[in-house]
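Trainee: Mind looking over this structure? Questions follow.
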Amino acid sequence: MSFNSELLNKIVKVYGPSSNEAKIREFITEEIKDFVDDIRIDALGNLIAHKKGNGKRVMISAHMDQIGMMAIDIDDNGFIRFTNIGGISPVYSYGQKVVFENGTIGAIFCEPVDDLTKVKLDKMYIDIGAFSKEEAEAKVKIGDICIYQSEFVENENVVFTPYLDDRVGCFIAIEALKTIKEPVNDLYFVFSVQEEVGLRGAKTAAFSVDPEIGISLDVTAHGDTPKAKRFAIGLNKGAAIKVKDNSIIVHPYIRETLVKLAKDKGIPYQMEVLEFGGTDSGAIHLNKEGVPSGVISIPTRYVHSTVEMASKNDINNCTKLLIEFLNTEFEI
Amino acid sequence: MLLKTLTESFGLSGNEKEVRDIIIAEIKDYCTTIKTDRIGNIIAFKEGKPNSKRIMVTAHMDEVGLMVKDIDSSGLIKFIPVGGIDKRILVSKTVLIGNDKIPGVIGAKPIHLQKRNEWSNALNMSDLYIDIGAKSKEDAEKYVNIGDYVAFDSKYTEFGDNLVKAKALDNRVGCAILIDLIKNIEDISFYGVFTVMEEVGLVGAGPAAYEVDPDISIILEGTLCYDIPKLDSHMIPTYIGGGPAISLVDRTTVYNHKLRDRVVQVAKKNNIPHQFRKTAMGGNDSGRIHTSRDGSLTTTISVPCRNIHSPVSVMSLEDYNNTSKLVKALLYDFDEEGYNEF
């Protein structure tokens with residue numbers, strides 16, 4: 001399987017912070033519309049694409065929203081104060097360039113502080129180079145959300161860029177959706193909103209899709225860098241099959257099916273036992289009377305930074321595993 | 001005055017009956033249908049001309065307070081919080097306990113007996129007790145039971161430049177505005193929902209939203225206000241007198257941008273002063289409502305309240321009136337074009 005870096009490069013750059021996913025939704029719609037039977041958008045903005053099949057109703061979820069920063073105040077000199085939308089780290093944000101939906105670019109900096117490692121977001125500001133409040137207000141309104149400016153880097157092994165979380169999951173879902181010609185199961189590909197603020201989109205999407213099986217795709221952490229906290233996930237060691245995180249203990253049937261498929265098809269894999277975090281399956285598996293659900297995770301270094309890094313082999317292996325999974329005749 | 005009656009009545013989370021009865025008596029003649037659901041929410045429907053959207057306006061009925069957890073051998077009462085209570089506001093406050101409203105005072109070790117290090121730290125709730133004047137445990141047990149709710153004892157008072165002091169402004173102010181809407185809006189169909197147990201985790205709103213299944217909801221709230229001088233403007237969540245506060249984001253919701261812009265537009269069109277709620281802290285029933293079933297749109301509009309969650313919350317009657325005006329204007333605006341593209 002060749003690595004479609006052109007699509008990944010494009011998709012990580014499309015604007016779409018939690019609650020304002022219109023642009024990325026349009027981008028994905030264009031990408032997939034010729035490969036699905038039906039597309040709908042729900043009240044929160046989830047993109048729900050149906051690819052008809054006769055087997056189980058399966059919801060595949062990858063969140064299209066990104067973490068970002070919302071302007072809450074503009075001072076007399078045109079400096080913008082902000083609050084986080086999702087898990088924004090003050091340390092990772094310091095000195096970064098950000099971009100608003102209308103293209104306005106700013107730099108994040110901070111009031112003078114003694115210890116930068118302890119700085120809180122309320123001491124930080126966005127400087128868009130305006131010389132007055134009026135000038136700033138002409139470009140940015142209170143309530144506008146900016147994201148980190150993207151620079152996509154790749155070599156023969158890895159890609160690194162902001163927003164692999166979770167555009168790489170969207171990328172994998174799109175690749176699978178295009179590859180599967182005759183679905184064995186009744187597939188609902190959901191590109192969900194507002195995952196970063198609490199799995200909110202997946203919750204409402206699951207309600208309307210009413211799946212019998214759930215699978216989500218998201219980045220996970222790493223334990224393979226110098227003195228990293230002990231965690232048995234590393235780059236280039238295969239697709240990660242989730243066992244648990246803070247939002248779900250994966251249904252044993254789903255976990256065992258994924259492991260068996262990986263073994264049978266020779267797809268490198270690793271088991272993920274995450275002691276924090278959560279993703280869409282956390283919401284999906286609690287839908288209505290409950291839904292056996294699992295997660296294929298993409299091992300990623302430096303999650304929520306501007307240099308989220310993942311291995312190209314791992315990404316391809318995640319795609320392969322997803323395709324095999326969706327082509328399975330489920331016995332549950 | 002309705003706000004006086006509402007703020008002086010009792011309705012701690014899980015024990016909203018007194019407030020619920022007042023509200024039902026106020027609105028029952030103005031509703032097409034009204035019911036109390038099994039968790040205690042009031043779900044009222046007022047039929048006007050048929051609209052294309054299902055509209056819900058909500059306000060939570062419950063307030064924060066305390067609950068009796070133990071009575072010690074001397075008849076002093078130990079307690080736990082119900083909802084978000086700042087322990088520093090409790091010392092030397094008067095309270096009323098249980099359905100019989102037994103008066104008590106919250107006591108603590110006098111300053112003379114405190115050690116130096118105790119001066120610089122707030123006393124923990126476990127160091128405080130409620131004194132009802134009982135001589136012994138047996139004596140206290142005649143008046144108070146473990147599990148009794150304890151409410152702040154505070155009278156509604158108007159003072160200063162159109163300001164009001166009261167307990168439970170969060171969220172009887174929302175209830176009062178919603179009651180007024182139900183009485184006075186004539187030709188718009190909407191659900192008026194008074195929820196329970198918001199202060200202990202948005203408990204009532206989920207079942208209510210599940211039943212009503214709204215397309216658009218307005219959540220009415222009393223929200224935090226901390227507008228002291230010398231604070232950087234971005235650290236001030238709301239200003240008293242600044243008009244209704246329109247929420248941007250909080251811990252439970254990132255508010256739909258287009259609906260938010262529309263609310264601002266309606267405020268401007270009607271010359272109603274308004275402000276944004278500039279903090280991401282806190283949360284409200286919107287969190288449960290917008291993620292109920294297959295999702296819906298919400299906007300939260302609040303009256304700023306200084307000293308929120310205390311016996312002496314303060315709000316401006318002007319803000320109250322402007323909030324009421326904005327919500328009315330918004331209800332009529334829902335009939336206009338544009339909402340289908342949200």
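Ordered as shown in the structure tokens, chains take letters A, B, and onward, while each chain numbers its residues from 1 and ligands are numbered from 1 in the order shown.
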Tell me which protein, DNA and RNA residues are within 10 Å of Val197 (chain A), counting only C-alpha atoms, leaving out same-chain ones fewer than 2 positions away, and put them as a PyMOL selection string.
Mentor: (chain A and resi 18-19+65-67+84-87+193-195+199-201) or (chain B and resi 250-254)
Trainee: How close does each residue of chain A get to chain B, giving the shortest atom pair and distance in Å to one decimal for every residue with an atom at most 6 Å away, counting only C-alpha atoms, sorted by chain and residue number, as a Markdown table?
Mentor:
```
| residue | atom | partner | partner_atom | distance |
| --- | --- | --- | --- | --- |
| A:Ala43 | CA | B:Ser296 | CA | 5.2 |
| A:Leu44 | CA | B:Gly295 | CA | 5.8 |
| A:Ile72 | CA | B:Lys278 | CA | 5.6 |
| A:Asp73 | CA | B:His234 | CA | 5.2 |
| A:Thr204 | CA | B:Asp294 | CA | 4.2 |
| A:Phe207 | CA | B:Asp294 | CA | 5.5 |
| A:Ser208 | CA | B:Asp294 | CA | 5.5 |
```
Trainee: So that I can see what lies close to Ile23 (chain B), please list as a ChimeraX atom specification the residues with an atom at most 12 Å from it, counting only C-alpha atoms and leaving out residues fewer than 5 positions away in the same chain.
Mentor: /B:2-3,5-7,9,11,16-18,28-31,34-36,41-44,59-61,172,174-180,182-183,192-195
Trainee: Using the chain letters and numbers from this document, which residues of region 105-333 of chain B does DSSP assign to strand (DSSP E), as a ChimeraX atom specification?
Mentor: /B:105-107,129-131,149-152,157-159,163-166,190-195,216-225,245-247,275-277,297-306,313-316
Trainee: Go ahead and save the residues from that selection, with C-alpha atoms, as a short mmCIF file (atom, residue, chain, number, x, y, z; two decimals), in the first residue's frame.
Mentor:
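Saved as again-v1.cif:
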```
data_model
loop_
_atom_site.label_atom_id
_atom_site.label_comp_id
_atom_site.auth_asym_id
_atom_site.auth_seq_id
_atom_site.Cartn_x
_atom_site.Cartn_y
_atom_site.Cartn_z
CA VAL B 105 -26.33 29.70 62.84
CA ILE B 106 -23.08 28.38 61.38
CA GLY B 107 -20.46 28.57 64.09
CA TYR B 129 -21.14 23.32 62.73
CA ILE B 130 -24.70 24.57 62.82
CA ASP B 131 -26.04 25.63 66.20
CA TYR B 149 -31.63 20.12 53.67
CA VAL B 150 -30.15 23.36 54.97
CA ALA B 151 -30.90 26.60 53.09
CA PHE B 152 -29.41 30.03 53.53
CA THR B 157 -33.74 43.31 49.43
CA GLU B 158 -33.60 46.05 46.84
CA PHE B 159 -30.82 48.57 47.32
CA LEU B 163 -29.76 46.36 42.57
CA VAL B 164 -31.16 43.36 44.38
CA LYS B 165 -29.65 41.24 47.12
CA ALA B 166 -30.99 37.72 47.65
CA PHE B 190 -42.66 26.81 22.93
CA TYR B 191 -41.84 24.48 25.77
CA GLY B 192 -41.06 26.09 29.11
CA VAL B 193 -39.03 23.67 31.20
CA PHE B 194 -37.99 24.14 34.82
CA THR B 195 -35.29 21.60 35.65
CA ILE B 216 -33.40 25.07 19.56
CA SER B 217 -33.15 25.81 23.27
CA ILE B 218 -32.58 28.94 25.28
CA ILE B 219 -31.06 28.27 28.68
CA LEU B 220 -31.74 31.05 31.19
CA GLU B 221 -29.24 31.42 34.00
CA GLY B 222 -27.85 33.58 36.72
CA THR B 223 -24.12 33.59 36.08
CA LEU B 224 -20.97 34.65 37.83
CA CYS B 225 -19.96 38.29 37.98
CA ALA B 245 -24.50 37.81 29.20
CA ILE B 246 -24.34 35.62 26.09
CA SER B 247 -22.24 32.50 26.56
CA GLN B 275 -22.23 41.36 26.78
CA PHE B 276 -20.33 38.14 26.28
CA ARG B 277 -19.69 35.83 29.20
CA LEU B 297 -28.80 24.01 19.09
CA THR B 298 -28.52 25.91 22.35
CA THR B 299 -27.77 29.39 23.56
CA THR B 300 -27.31 30.39 27.18
CA ILE B 301 -28.36 33.88 28.23
CA SER B 302 -27.64 34.93 31.80
CA VAL B 303 -28.20 37.67 34.30
CA PRO B 304 -24.84 38.56 35.95
CA CYS B 305 -24.87 37.85 39.71
CA ARG B 306 -22.13 39.00 42.05
CA SER B 313 -25.98 37.35 45.61
CA VAL B 314 -26.42 40.71 43.92
CA MET B 315 -27.94 41.49 40.55
CA SER B 316 -29.24 44.47 38.65
#
```
Trainee: Taking only region 242-311 of chain B into account, list the residues labelled alpha helix (DSSP H) by DSSP (computed from the backbone), as a PyMOL selection string.
Mentor: chain B and resi 257-269+286-290
Trainee: Would you work out the distance separating CA of Asp335 (chain B) from CA of Thr238 (chain B), expressed in Å to one decimal?
Mentor: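 Going from CA of Asp335 (chain B) over to CA of Thr238 (chain B), I get 29.6 Å.
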Trainee: Between B:Val91, B:Ala168, B:Val212, B:Ala108, which has the minimum distance to Asn307 (chain B) (counting only C-alpha atoms)?
Mentor: B:Ala168
Trainee: With a distance cut-off of 8 Å and only C-alpha atoms, select the neighbouring residues of Phe79 (chain A), excluding the residue or stretch itself and same-chain residues fewer than 6 positions from it, and output the selection as a list in words.
Mentor: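 So the residues in contact are Tyr125, Ile126, Asp127, Ile128, Ala130, Lys133 and Ala136 of chain A.
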Trainee: Write out as a VMD selection string the residues lying within 12 Å of Val307 (chain A), counting only C-alpha atoms and excluding same-chain residues fewer than 5 positions away.
Mentor: chain A and resid 12 92 to 93 96 148 to 154 158 to 165 300 to 302
Trainee: Store the residues of this selection in a file with N, CA and C atoms, as a PDB file, in the first residue's frame.
Mentor:
```pdb
ATOM      1  N   VAL A  12      -4.619  17.884   7.052  1.00  0.00           N
ATOM      2  CA  VAL A  12      -4.207  18.462   8.346  1.00  0.00           C
ATOM      3  C   VAL A  12      -4.253  19.986   8.317  1.00  0.00           C
ATOM      4  N   TYR A  92       3.377  24.279  25.052  1.00  0.00           N
ATOM      5  CA  TYR A  92       3.441  24.000  23.612  1.00  0.00           C
ATOM      6  C   TYR A  92       3.021  25.214  22.779  1.00  0.00           C
ATOM      7  N   SER A  93       2.192  26.085  23.371  1.00  0.00           N
ATOM      8  CA  SER A  93       1.642  27.202  22.598  1.00  0.00           C
ATOM      9  C   SER A  93       2.574  28.404  22.537  1.00  0.00           C
ATOM     10  N   GLN A  96       4.172  30.080  19.344  1.00  0.00           N
ATOM     11  CA  GLN A  96       3.637  29.470  18.125  1.00  0.00           C
ATOM     12  C   GLN A  96       2.851  30.481  17.292  1.00  0.00           C
ATOM     13  N   TYR A 148      -3.430  26.309  15.449  1.00  0.00           N
ATOM     14  CA  TYR A 148      -2.000  26.419  15.153  1.00  0.00           C
ATOM     15  C   TYR A 148      -1.798  26.441  13.649  1.00  0.00           C
ATOM     16  N   GLN A 149      -0.870  27.285  13.209  1.00  0.00           N
ATOM     17  CA  GLN A 149      -0.565  27.290  11.792  1.00  0.00           C
ATOM     18  C   GLN A 149       0.191  26.007  11.449  1.00  0.00           C
ATOM     19  N   SER A 150      -0.179  25.439  10.313  1.00  0.00           N
ATOM     20  CA  SER A 150       0.345  24.111   9.995  1.00  0.00           C
ATOM     21  C   SER A 150       1.599  24.168   9.140  1.00  0.00           C
ATOM     22  N   GLU A 151       2.538  23.303   9.484  1.00  0.00           N
ATOM     23  CA  GLU A 151       3.631  23.035   8.566  1.00  0.00           C
ATOM     24  C   GLU A 151       3.782  21.524   8.530  1.00  0.00           C
ATOM     25  N   PHE A 152       3.638  20.969   7.352  1.00  0.00           N
ATOM     26  CA  PHE A 152       3.655  19.516   7.199  1.00  0.00           C
ATOM     27  C   PHE A 152       5.069  19.084   6.809  1.00  0.00           C
ATOM     28  N   VAL A 153       5.644  18.195   7.602  1.00  0.00           N
ATOM     29  CA  VAL A 153       6.993  17.707   7.312  1.00  0.00           C
ATOM     30  C   VAL A 153       6.927  16.201   7.155  1.00  0.00           C
ATOM     31  N   GLU A 154       7.651  15.675   6.170  1.00  0.00           N
ATOM     32  CA  GLU A 154       7.722  14.216   6.080  1.00  0.00           C
ATOM     33  C   GLU A 154       9.112  13.781   5.621  1.00  0.00           C
ATOM     34  N   VAL A 158       8.504   9.056   8.732  1.00  0.00           N
ATOM     35  CA  VAL A 158       7.448   9.679   9.548  1.00  0.00           C
ATOM     36  C   VAL A 158       6.871  10.923   8.875  1.00  0.00           C
ATOM     37  N   VAL A 159       5.723  11.345   9.411  1.00  0.00           N
ATOM     38  CA  VAL A 159       5.226  12.690   9.125  1.00  0.00           C
ATOM     39  C   VAL A 159       5.168  13.429  10.453  1.00  0.00           C
ATOM     40  N   PHE A 160       5.426  14.720  10.448  1.00  0.00           N
ATOM     41  CA  PHE A 160       5.080  15.503  11.634  1.00  0.00           C
ATOM     42  C   PHE A 160       4.514  16.854  11.254  1.00  0.00           C
ATOM     43  N   THR A 161       3.484  17.204  12.002  1.00  0.00           N
ATOM     44  CA  THR A 161       2.643  18.352  11.661  1.00  0.00           C
ATOM     45  C   THR A 161       1.690  18.591  12.823  1.00  0.00           C
ATOM     46  N   PRO A 162       1.132  19.793  12.951  1.00  0.00           N
ATOM     47  CA  PRO A 162       0.003  19.930  13.873  1.00  0.00           C
ATOM     48  C   PRO A 162      -1.178  19.109  13.339  1.00  0.00           C
ATOM     49  N   TYR A 163      -2.004  18.698  14.251  1.00  0.00           N
ATOM     50  CA  TYR A 163      -3.330  18.157  13.911  1.00  0.00           C
ATOM     51  C   TYR A 163      -3.345  16.802  13.207  1.00  0.00           C
ATOM     52  N   LEU A 164      -2.303  15.987  13.418  1.00  0.00           N
ATOM     53  CA  LEU A 164      -2.505  14.571  13.115  1.00  0.00           C
ATOM     54  C   LEU A 164      -3.706  14.105  13.925  1.00  0.00           C
ATOM     55  N   ASP A 165      -3.839  14.669  15.120  1.00  0.00           N
ATOM     56  CA  ASP A 165      -5.000  14.433  15.992  1.00  0.00           C
ATOM     57  C   ASP A 165      -6.149  15.313  15.510  1.00  0.00           C
ATOM     58  N   THR A 300       1.395   8.026  18.212  1.00  0.00           N
ATOM     59  CA  THR A 300       1.769   9.398  17.851  1.00  0.00           C
ATOM     60  C   THR A 300       2.585  10.033  18.971  1.00  0.00           C
ATOM     61  N   ARG A 301       3.700  10.612  18.607  1.00  0.00           N
ATOM     62  CA  ARG A 301       4.493  11.359  19.594  1.00  0.00           C
ATOM     63  C   ARG A 301       3.994  12.808  19.669  1.00  0.00           C
ATOM     64  N   TYR A 302       4.135  13.378  20.848  1.00  0.00           N
ATOM     65  CA  TYR A 302       3.918  14.826  21.064  1.00  0.00           C
ATOM     66  C   TYR A 302       2.498  15.286  20.730  1.00  0.00           C
TER      67      TYR A 302
END
```
Trainee: I want to know what sits within 7 Å of Asp62 (chain B), based on only C-alpha atoms, with residues of the same chain fewer than 4 positions away left out; could you give that as a compact mmCIF listing (two decimals) with C-alpha atoms, in the first residue's frame?
Mentor:
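Printed below is selection.txt as written:
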```
# COMPACT_ATOMS: atom_id res chain seq x y z
CA GLY B 11 -35.46 24.42 46.56
CA LEU B 12 -32.14 22.76 47.13
CA SER B 13 -31.08 20.23 44.53
CA GLU B 16 -37.38 21.44 44.65
CA VAL B 196 -34.12 19.96 38.85
CA MET B 197 -30.65 19.22 40.22
CA GLU B 198 -28.60 21.38 37.86
CA GLU B 199 -26.25 22.33 40.68
```
